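Source file: protein-v8.cif (mmCIF, C-alpha atoms (C1' of nucleotides))
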```
data_structure
loop_
_atom_site.group_PDB
_atom_site.id
_atom_site.type_symbol
_atom_site.label_atom_id
_atom_site.label_comp_id
_atom_site.auth_asym_id
_atom_site.auth_seq_id
_atom_site.Cartn_x
_atom_site.Cartn_y
_atom_site.Cartn_z
ATOM 1 C CA MET V 1 97.388 115.298 90.212
ATOM 2 C CA ALA V 2 96.472 112.352 92.269
ATOM 3 C CA THR V 3 97.865 109.824 94.609
ATOM 4 C CA LEU V 4 95.123 107.409 95.462
ATOM 5 C CA GLY V 5 94.434 105.827 98.786
ATOM 6 C CA GLU V 6 94.110 102.101 99.167
ATOM 7 C CA LEU V 7 90.350 101.977 98.822
ATOM 8 C CA GLU V 8 90.255 104.556 96.065
ATOM 9 C CA ARG V 9 92.754 102.444 94.216
ATOM 10 C CA ALA V 10 90.675 99.320 94.707
ATOM 11 C CA VAL V 11 87.601 101.061 93.365
ATOM 12 C CA MET V 12 89.441 102.300 90.307
ATOM 13 C CA ASP V 13 90.782 98.813 89.683
ATOM 14 C CA LEU V 14 87.274 97.440 89.707
ATOM 15 C CA LEU V 15 86.022 100.103 87.352
ATOM 16 C CA TRP V 16 88.882 99.297 85.031
ATOM 17 C CA GLU V 17 88.445 95.565 85.188
ATOM 18 C CA HIS V 18 84.668 95.469 85.109
ATOM 19 C CA PRO V 19 83.741 98.499 83.059
ATOM 20 C CA GLU V 20 80.140 97.402 82.613
ATOM 21 C CA ALA V 21 77.138 98.049 84.778
ATOM 22 C CA MET V 22 78.919 99.575 87.697
ATOM 23 C CA THR V 23 76.742 100.808 90.501
ATOM 24 C CA ALA V 24 77.780 101.604 94.021
ATOM 25 C CA ASN V 25 76.229 98.405 95.219
ATOM 26 C CA THR V 26 77.943 96.169 92.700
ATOM 27 C CA LEU V 27 81.208 97.779 93.642
ATOM 28 C CA ARG V 28 80.480 97.195 97.279
ATOM 29 C CA ASP V 29 79.957 93.506 96.650
ATOM 30 C CA LEU V 30 83.094 93.185 94.589
ATOM 31 C CA LEU V 31 85.122 95.077 97.115
ATOM 32 C CA SER V 32 83.958 92.945 99.974
ATOM 33 C CA SER V 33 85.923 90.026 98.633
ATOM 34 C CA ARG V 34 89.009 92.037 97.959
ATOM 35 C CA PRO V 35 92.317 90.670 99.117
ATOM 36 C CA SER V 36 93.272 93.708 101.083
ATOM 37 C CA ALA V 37 96.893 94.676 101.203
ATOM 38 C CA ALA V 38 96.883 94.654 104.979
ATOM 39 C CA ASP V 39 94.480 91.783 105.490
ATOM 40 C CA GLN V 40 96.121 90.521 108.623
ATOM 41 C CA SER V 41 93.114 89.572 110.701
ATOM 42 C CA ARG V 42 91.099 91.712 108.386
ATOM 43 C CA ASP V 43 87.605 92.746 109.195
ATOM 44 C CA THR V 44 85.489 90.750 106.766
ATOM 45 C CA ARG V 45 82.303 92.731 107.099
ATOM 46 C CA PRO V 46 81.331 94.215 103.756
ATOM 47 C CA LEU V 47 81.792 97.900 103.302
ATOM 48 C CA ALA V 48 78.796 100.131 103.746
ATOM 49 C CA VAL V 49 77.327 101.362 100.509
ATOM 50 C CA THR V 50 77.782 104.934 101.656
ATOM 51 C CA THR V 51 81.470 104.294 102.027
ATOM 52 C CA VAL V 52 81.746 103.273 98.415
ATOM 53 C CA LEU V 53 79.660 106.240 97.371
ATOM 54 C CA THR V 54 81.854 108.620 99.274
ATOM 55 C CA VAL V 55 84.894 107.223 97.564
ATOM 56 C CA LEU V 56 83.210 107.447 94.191
ATOM 57 C CA SER V 57 82.312 111.065 94.817
ATOM 58 C CA ARG V 58 85.866 111.860 95.732
ATOM 59 C CA LEU V 59 87.132 110.124 92.635
ATOM 60 C CA GLU V 60 84.614 112.080 90.598
ATOM 61 C CA LYS V 61 85.885 115.306 92.093
ATOM 62 C CA LYS V 62 89.402 114.260 91.180
ATOM 63 C CA GLY V 63 88.292 113.751 87.613
ATOM 64 C CA LEU V 64 88.963 110.030 87.564
ATOM 65 C CA VAL V 65 85.375 108.883 87.558
ATOM 66 C CA GLU V 66 82.347 110.013 85.646
ATOM 67 C CA ARG V 67 78.793 109.170 86.535
ATOM 68 C CA GLU V 68 75.539 109.164 84.641
ATOM 69 C CA ARG V 69 73.025 110.946 86.767
ATOM 70 C CA SER V 70 70.217 110.590 84.239
ATOM 71 C CA ILE V 71 69.475 106.997 85.121
ATOM 72 C CA ARG V 72 68.555 106.101 88.588
ATOM 73 C CA PRO V 73 70.986 103.749 89.995
ATOM 74 C CA HIS V 74 73.765 105.994 88.735
ATOM 75 C CA ARG V 75 76.334 104.372 86.562
ATOM 76 C CA TYR V 76 79.968 104.954 87.325
ATOM 77 C CA LYS V 77 82.816 104.611 84.923
ATOM 78 C CA ALA V 78 86.472 105.454 84.801
ATOM 79 C CA VAL V 79 87.295 108.498 82.711
ATOM 80 C CA THR V 80 90.573 107.155 81.400
ATOM 81 C CA SER V 81 91.932 103.676 80.875
ATOM 82 C CA ARG V 82 94.263 102.315 83.484
ATOM 83 C CA ALA V 83 97.123 102.328 81.026
ATOM 84 C CA ASP V 84 96.534 105.998 80.274
ATOM 85 C CA HIS V 85 96.275 106.830 83.896
ATOM 86 C CA THR V 86 99.441 104.983 84.775
ATOM 87 C CA ALA V 87 101.314 106.557 81.905
ATOM 88 C CA GLU V 88 100.157 109.974 83.063
ATOM 89 C CA LEU V 89 101.408 109.302 86.536
ATOM 90 C CA MET V 90 104.769 108.254 85.189
ATOM 91 C CA LEU V 91 104.987 111.414 83.130
ATOM 92 C CA GLU V 92 104.073 113.452 86.135
ATOM 93 C CA VAL V 93 106.922 111.917 88.091
ATOM 94 C CA LEU V 94 109.323 112.363 85.229
ATOM 95 C CA GLY V 95 108.129 115.845 84.372
ATOM 96 C CA SER V 96 109.594 117.504 87.384
ATOM 97 C CA ALA V 97 113.032 116.166 86.723
ATOM 98 C CA PRO V 98 115.652 118.501 85.239
ATOM 99 C CA ASP V 99 117.690 115.439 84.335
ATOM 100 C CA ARG V 100 115.136 113.606 82.281
ATOM 101 C CA GLU V 101 117.588 111.706 80.150
ATOM 102 C CA ALA V 102 119.438 110.356 83.145
ATOM 103 C CA VAL V 103 116.159 109.216 84.614
ATOM 104 C CA LEU V 104 115.162 107.543 81.387
ATOM 105 C CA ALA V 105 118.505 105.807 81.226
ATOM 106 C CA ARG V 106 118.050 104.290 84.665
ATOM 107 C CA PHE V 107 114.495 103.471 83.899
ATOM 108 C CA ILE V 108 115.284 101.670 80.690
ATOM 109 C CA GLY V 109 117.907 99.628 82.455
ATOM 110 C CA THR V 110 115.264 97.831 84.428
ATOM 111 C CA VAL V 111 112.659 96.700 81.950
ATOM 112 C CA SER V 112 112.573 93.109 80.825
ATOM 113 C CA ASP V 113 114.036 91.936 77.538
ATOM 114 C CA GLY V 114 110.618 91.444 76.065
ATOM 115 C CA GLU V 115 109.579 94.895 77.026
ATOM 116 C CA ALA V 116 112.781 96.335 75.682
ATOM 117 C CA ALA V 117 111.971 94.707 72.372
ATOM 118 C CA THR V 118 108.523 96.215 72.441
ATOM 119 C CA LEU V 119 109.968 99.588 73.190
ATOM 120 C CA ARG V 120 112.411 99.309 70.323
ATOM 121 C CA LYS V 121 109.531 98.567 68.020
ATOM 122 C CA LEU V 122 107.508 101.467 69.355
ATOM 123 C CA LEU V 123 110.345 103.866 68.972
ATOM 124 C CA GLY V 124 110.480 102.987 65.348
ATOM 125 C CA GLY V 125 113.499 102.612 63.189
ATOM 126 C CA HIS V 126 115.926 104.983 61.619
ATOM 127 C CA MET N 1 107.537 103.933 99.218
ATOM 128 C CA ALA N 2 107.385 107.647 99.362
ATOM 129 C CA THR N 3 105.378 110.571 98.235
ATOM 130 C CA LEU N 4 107.044 113.695 99.458
ATOM 131 C CA GLY N 5 105.394 116.825 100.736
ATOM 132 C CA GLU N 6 106.215 120.205 99.328
ATOM 133 C CA LEU N 7 108.840 121.079 101.897
ATOM 134 C CA GLU N 8 110.323 117.598 101.939
ATOM 135 C CA ARG N 9 110.644 117.847 98.206
ATOM 136 C CA ALA N 10 112.329 121.242 98.449
ATOM 137 C CA VAL N 11 114.838 119.889 100.948
ATOM 138 C CA MET N 12 115.645 116.909 98.760
ATOM 139 C CA ASP N 13 116.123 119.193 95.778
ATOM 140 C CA LEU N 14 118.624 121.250 97.718
ATOM 141 C CA LEU N 15 120.508 118.187 98.849
ATOM 142 C CA TRP N 16 120.641 117.017 95.269
ATOM 143 C CA GLU N 17 121.703 120.358 93.821
ATOM 144 C CA HIS N 18 124.148 121.337 96.560
ATOM 145 C CA PRO N 19 125.513 118.042 97.785
ATOM 146 C CA GLU N 20 128.324 119.645 99.715
ATOM 147 C CA ALA N 21 128.461 120.953 103.225
ATOM 148 C CA MET N 22 124.838 120.558 104.004
ATOM 149 C CA THR N 23 123.813 121.409 107.514
ATOM 150 C CA ALA N 24 120.369 122.195 108.788
ATOM 151 C CA ASN N 25 121.233 125.846 108.952
ATOM 152 C CA THR N 26 122.539 126.077 105.425
ATOM 153 C CA LEU N 27 119.421 124.375 104.230
ATOM 154 C CA ARG N 28 117.313 126.781 106.187
ATOM 155 C CA ASP N 29 118.989 129.731 104.482
ATOM 156 C CA LEU N 30 118.636 128.250 101.038
ATOM 157 C CA LEU N 31 115.030 127.346 101.635
ATOM 158 C CA SER N 32 114.135 130.794 102.828
ATOM 159 C CA SER N 33 114.553 132.120 99.311
ATOM 160 C CA ARG N 34 112.668 129.328 97.700
ATOM 161 C CA PRO N 35 110.055 130.196 95.124
ATOM 162 C CA SER N 36 107.274 128.382 96.813
ATOM 163 C CA ALA N 37 104.631 126.758 94.685
ATOM 164 C CA ALA N 38 101.884 128.601 96.483
ATOM 165 C CA ASP N 39 103.746 131.814 97.140
ATOM 166 C CA GLN N 40 100.778 134.033 96.710
ATOM 167 C CA SER N 41 101.318 136.558 99.469
ATOM 168 C CA ARG N 42 103.715 134.070 100.950
ATOM 169 C CA ASP N 43 105.075 134.493 104.401
ATOM 170 C CA THR N 44 108.654 135.535 103.832
ATOM 171 C CA ARG N 45 109.968 134.807 107.285
ATOM 172 C CA PRO N 46 112.701 132.197 107.132
ATOM 173 C CA LEU N 47 111.890 128.767 108.364
ATOM 174 C CA ALA N 48 112.916 127.854 111.862
ATOM 175 C CA VAL N 49 115.926 125.607 112.027
ATOM 176 C CA THR N 50 113.930 123.067 113.949
ATOM 177 C CA THR N 51 111.499 122.873 111.089
ATOM 178 C CA VAL N 52 114.237 121.907 108.696
ATOM 179 C CA LEU N 53 115.594 119.417 111.190
ATOM 180 C CA THR N 54 112.240 117.792 111.610
ATOM 181 C CA VAL N 55 111.928 117.402 107.882
ATOM 182 C CA LEU N 56 115.443 115.995 107.667
ATOM 183 C CA SER N 57 114.657 113.475 110.377
ATOM 184 C CA ARG N 58 111.556 112.376 108.550
ATOM 185 C CA LEU N 59 113.485 112.029 105.340
ATOM 186 C CA GLU N 60 116.092 110.034 107.211
ATOM 187 C CA LYS N 61 113.404 107.713 108.533
ATOM 188 C CA LYS N 62 112.149 107.286 105.008
ATOM 189 C CA GLY N 63 115.602 106.276 103.908
ATOM 190 C CA LEU N 64 116.123 109.195 101.577
ATOM 191 C CA VAL N 65 118.655 111.043 103.683
ATOM 192 C CA GLU N 66 121.698 109.924 105.592
ATOM 193 C CA ARG N 67 123.473 111.950 108.222
ATOM 194 C CA GLU N 68 126.902 111.830 109.740
ATOM 195 C CA ARG N 69 126.474 111.979 113.450
ATOM 196 C CA SER N 70 130.171 111.758 114.176
ATOM 197 C CA ILE N 71 130.840 115.400 113.402
ATOM 198 C CA ARG N 72 129.077 118.058 115.276
ATOM 199 C CA PRO N 73 127.103 120.114 112.979
ATOM 200 C CA HIS N 74 125.773 116.924 111.436
ATOM 201 C CA ARG N 75 126.138 116.614 107.705
ATOM 202 C CA TYR N 76 123.175 115.555 105.684
ATOM 203 C CA LYS N 77 123.243 113.990 102.278
ATOM 204 C CA ALA N 78 120.826 112.339 99.914
ATOM 205 C CA VAL N 79 121.142 108.565 99.814
ATOM 206 C CA THR N 80 120.385 108.243 96.117
ATOM 207 C CA SER N 81 120.756 110.564 93.181
ATOM 208 C CA ARG N 82 117.699 112.383 92.020
ATOM 209 C CA ALA N 83 117.727 110.487 88.760
ATOM 210 C CA ASP N 84 117.769 107.183 90.631
ATOM 211 C CA HIS N 85 115.041 108.301 92.918
ATOM 212 C CA THR N 86 112.856 109.494 90.068
ATOM 213 C CA ALA N 87 113.426 106.316 88.121
ATOM 214 C CA GLU N 88 112.458 104.301 91.179
ATOM 215 C CA LEU N 89 109.258 106.243 91.543
ATOM 216 C CA MET N 90 108.431 105.626 87.907
ATOM 217 C CA LEU N 91 109.044 101.940 88.337
ATOM 218 C CA GLU N 92 106.894 101.899 91.392
ATOM 219 C CA VAL N 93 104.045 103.436 89.440
ATOM 220 C CA LEU N 94 104.557 101.079 86.543
ATOM 221 C CA GLY N 95 105.069 98.052 88.709
ATOM 222 C CA SER N 96 101.517 97.764 89.842
ATOM 223 C CA ALA N 97 100.190 97.704 86.320
ATOM 224 C CA PRO N 98 99.046 94.405 84.827
ATOM 225 C CA ASP N 99 99.213 96.026 81.423
ATOM 226 C CA ARG N 100 102.793 97.173 81.470
ATOM 227 C CA GLU N 101 103.316 97.122 77.753
ATOM 228 C CA ALA N 102 100.260 99.263 77.098
ATOM 229 C CA VAL N 103 101.498 101.740 79.658
ATOM 230 C CA LEU N 104 104.933 101.824 78.111
ATOM 231 C CA ALA N 105 103.400 102.372 74.706
ATOM 232 C CA ARG N 106 101.523 105.438 75.875
ATOM 233 C CA PHE N 107 104.498 106.623 77.776
ATOM 234 C CA ILE N 108 106.832 106.372 74.834
ATOM 235 C CA GLY N 109 104.386 108.279 72.703
ATOM 236 C CA THR N 110 105.027 111.410 74.699
ATOM 237 C CA VAL N 111 108.772 111.788 74.953
ATOM 238 C CA SER N 112 110.536 114.271 72.739
ATOM 239 C CA ASP N 113 112.362 113.282 69.573
ATOM 240 C CA GLY N 114 115.710 113.810 71.192
ATOM 241 C CA GLU N 115 114.781 111.647 74.100
ATOM 242 C CA ALA N 116 113.420 109.005 71.782
ATOM 243 C CA ALA N 117 116.774 108.947 70.059
ATOM 244 C CA THR N 118 118.492 108.572 73.407
ATOM 245 C CA LEU N 119 116.197 105.755 74.305
ATOM 246 C CA ARG N 120 116.875 103.990 71.039
ATOM 247 C CA LYS N 121 120.551 104.212 71.742
ATOM 248 C CA LEU N 122 120.112 102.947 75.275
ATOM 249 C CA LEU N 123 118.018 100.050 74.168
ATOM 250 C CA GLY N 124 120.818 99.006 71.961
ATOM 251 C CA GLY N 125 120.486 97.904 68.430
ATOM 252 C CA HIS N 126 120.427 94.481 67.011
ATOM 253 C "C1'" DT S 1 51.268 107.109 98.940
ATOM 254 C "C1'" DT S 2 54.181 104.340 100.632
ATOM 255 C "C1'" DA S 3 58.261 101.755 100.997
ATOM 256 C "C1'" DC S 4 62.725 100.864 99.795
ATOM 257 C "C1'" DA S 5 66.977 101.310 96.961
ATOM 258 C "C1'" DG S 6 69.982 104.715 96.085
ATOM 259 C "C1'" DT S 7 72.011 109.297 97.027
ATOM 260 C "C1'" DT S 8 73.663 113.335 99.616
ATOM 261 C "C1'" DC S 9 75.297 115.493 103.839
ATOM 262 C "C1'" DT S 10 77.884 115.441 107.665
ATOM 263 C "C1'" DA S 11 81.206 113.710 110.613
ATOM 264 C "C1'" DC S 12 84.688 111.073 113.160
ATOM 265 C "C1'" DG S 13 89.302 108.960 113.653
ATOM 266 C "C1'" DC S 14 93.859 108.448 111.876
ATOM 267 C "C1'" DC S 15 97.942 109.653 109.839
ATOM 268 C "C1'" DA S 16 101.230 112.551 106.987
ATOM 269 C "C1'" DC S 17 103.183 116.859 106.710
ATOM 270 C "C1'" DG S 18 104.356 121.940 107.693
ATOM 271 C "C1'" DT S 19 105.612 124.228 111.397
ATOM 272 C "C1'" DA S 20 108.007 125.387 115.581
ATOM 273 C "C1'" DG S 21 108.788 126.015 120.901
ATOM 274 C "C1'" DA S 22 111.107 123.858 124.921
ATOM 275 C "C1'" DA S 23 114.431 121.346 126.618
ATOM 276 C "C1'" DC S 24 118.676 119.035 126.189
ATOM 277 C "C1'" DT S 25 123.785 118.204 124.627
ATOM 278 C "C1'" DC S 26 128.229 118.885 123.084
ATOM 279 C "C1'" DA S 27 132.333 121.399 121.972
ATOM 280 C "C1'" DC S 28 134.894 125.401 122.994
ATOM 281 C "C1'" DT S 29 136.365 129.429 126.256
ATOM 282 C "C1'" DC S 30 137.926 131.510 130.471
ATOM 283 C "C1'" DG T 1 135.377 122.703 135.505
ATOM 284 C "C1'" DA T 2 131.421 125.990 134.794
ATOM 285 C "C1'" DG T 3 129.461 128.875 131.154
ATOM 286 C "C1'" DT T 4 127.697 129.660 126.734
ATOM 287 C "C1'" DG T 5 125.778 129.117 122.425
ATOM 288 C "C1'" DA T 6 125.100 126.448 118.171
ATOM 289 C "C1'" DG T 7 123.022 122.394 117.089
ATOM 290 C "C1'" DT T 8 119.906 118.560 118.187
ATOM 291 C "C1'" DT T 9 115.973 116.027 120.104
ATOM 292 C "C1'" DC T 10 111.301 115.895 121.949
ATOM 293 C "C1'" DT T 11 106.862 117.125 121.791
ATOM 294 C "C1'" DA T 12 102.979 119.136 119.827
ATOM 295 C "C1'" DC T 13 99.575 121.764 117.197
ATOM 296 C "C1'" DG T 14 96.877 122.744 112.828
ATOM 297 C "C1'" DT T 15 95.456 121.226 108.329
ATOM 298 C "C1'" DG T 16 94.064 118.177 105.006
ATOM 299 C "C1'" DG T 17 93.407 113.579 102.763
ATOM 300 C "C1'" DC T 18 91.409 109.181 103.227
ATOM 301 C "C1'" DG T 19 88.674 105.134 105.289
ATOM 302 C "C1'" DT T 20 84.598 104.705 107.191
ATOM 303 C "C1'" DA T 21 79.731 105.198 107.932
ATOM 304 C "C1'" DG T 22 75.184 107.102 110.149
ATOM 305 C "C1'" DA T 23 71.254 110.263 109.253
ATOM 306 C "C1'" DA T 24 68.514 112.339 106.346
ATOM 307 C "C1'" DC T 25 66.697 112.976 101.870
ATOM 308 C "C1'" DT T 26 64.860 111.534 97.017
ATOM 309 C "C1'" DG T 27 63.099 109.159 93.263
ATOM 310 C "C1'" DT T 28 60.880 105.195 91.384
ATOM 311 C "C1'" DA T 29 57.949 101.207 91.458
ATOM 312 C "C1'" DA T 30 54.018 98.970 93.304
#
```

Could you quickly redo this structure as structure tokens?
Amino acid sequence: MATLGELERAVMDLLWEHPEAMTANTLRDLLSSRPSAADQSRDTRPLAVTTVLTVLSRLEKKGLVERERSIRPHRYKAVTSRADHTAELMLEVLGSAPDREAVLARFIGTVSDGEAATLRKLLGGH
Amino acid sequence: MATLGELERAVMDLLWEHPEAMTANTLRDLLSSRPSAADQSRDTRPLAVTTVLTVLSRLEKKGLVERERSIRPHRYKAVTSRADHTAELMLEVLGSAPDREAVLARFIGTVSDGEAATLRKLLGGH
DNA sequence: TTACAGTTCTACGCCACGTAGAACTCACTC
DNA sequence: GAGTGAGTTCTACGTGGCGTAGAACTGTAA
């Protein structure tokens, strides 16, 4: 499926964290104050609206974003929740492994105690 | 870290499945019979050795492959096991999630019964 | 009917990756 | 010790994804 670029990722994060009333312009504003990963001497000029729109279109094409075209400032929203998306990515990575159980073993070895407890609960008894 | 291309992935798979005696040439031969993902009317000509070497160098730079330069046909081997590598990728995906437990919940919901049992065992009782 | 916010189209630069030729090097052979 | 050939390094080209945005178009509100 999809590996996202840095900006695409930032846009998705915003859509996930502020699911309401998202227009390209709002996103632009929010993004302009983003703590960029590589913000060494970062250009602080806000992104152009077209930039955000391009990214949104690409995300739409990838099936991650949906937009309402009926209203005029289009509304953009994420198709899936971040948790779902992340879980899907993890499954995608795992899926191609012929040695799934070995992978799971290593994976499990790294989660925190609290998370392990949660997992135990989720896996149910018996 | 690393998303691998199609050929890079194929090379890593070979190194993982045939850990012994790996030279660029051997890899080239093995790769030439690979069932390529997009093998619609695929070019069947074997890869050039230099192609494989380039890929190996890139994988070395990425830290996924190690080579012995002391012997003449250099020997190439994967630095980590595939299971370790896959688990690392999964952790990388999970790591950036602020809602780890929700992700884990969805993730757990999809593994097979057998794997769930394995996981339960791995998580240890109490 | 005009003016402006919002949208689409097009494009440029960069970098990763698949691909490989050209040139170089090292270990044998005579 | 010069030759030769397998193996290695250097360099590079084409493609495609992504960050970025101008130019041109459109729809709504005044």

Worksheet item: DA11 (chain S): which residues within 12 Å, counting only C-alpha atoms (C1' of nucleotides), same-chain residues fewer than 3 positions away excluded, as a list in words?
Response: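 The residues satisfying every condition are DT20, DA21, DG22 and DA23 of chain T.
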
Preceding selection exported with C-alpha atoms (C1' of nucleotides) as a CSV table (one decimal), in the coordinates of the input:
```csv
chain,number,residue,atom,x,y,z
T,20,DT,C1',84.6,104.7,107.2
T,21,DA,C1',79.7,105.2,107.9
T,22,DG,C1',75.2,107.1,110.1
T,23,DA,C1',71.3,110.3,109.3
```

Item to complete: Determine the residue set returned by the PyMOL selection byres ((chain N and resi 98) around 12) for the present structure, and present it as a ChimeraX atom specification.
Response: /V:13,16-17,82-83,86 /N:93-97,99-104

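Relative to CA of Thr51 (chain V), C1' of DC18 (chain T) is found at 11.1 Å.
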
Under the rule of at most 9 Å, produce a per-residue listing of chain N near chain S: chain, number, name, the closest pair of atoms, and the distance in Å, as CSV, using only C-alpha atoms (C1' of nucleotides).
```
residue,atom,partner,partner_atom,distance
N:Leu4,CA,S:DC17,C1',8.8
N:Gly5,CA,S:DC17,C1',6.4
N:Glu6,CA,S:DC17,C1',8.7
N:Leu7,CA,S:DG18,C1',7.4
N:Glu8,CA,S:DC17,C1',8.6
N:Leu47,CA,S:DT19,C1',8.3
N:Ala48,CA,S:DA20,C1',6.6
N:Val49,CA,S:DA20,C1',8.7
N:Thr50,CA,S:DA20,C1',6.6
N:Thr51,CA,S:DT19,C1',6.0
N:Val55,CA,S:DG18,C1',8.8
N:Arg72,CA,S:DC26,C1',7.9
```

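For the pair CA of Val52 (chain N) and CA of Glu20 (chain N), the separation is 16.9 Å.
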
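As for CA of Ser81 (chain N) and CA of Arg58 (chain N), they are spaced 18.0 Å apart.
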
Discussion item. Contacts from chain N to chain T, 10 Å maximum, all atoms listed in the file: show me the residue list as a PyMOL selection string.
Written reply: chain N and resi 23-25+49-50+53-54+72-74

Axis-aligned box for region 4-13 of chain S, 4 Å per side, centre and edges in Å as lines of an AutoDock Vina configuration file:
```
center_x = 76.0
center_y = 108.2
center_z = 104.9
size_x = 34.6
size_y = 22.6
size_z = 25.6
```

Worksheet, complete the sentence: In terms of all atoms listed in the file, the residue from N:Leu123, N:Ala78, N:Leu30, N:Ala10 at minimal distance from chain V is N:Leu123
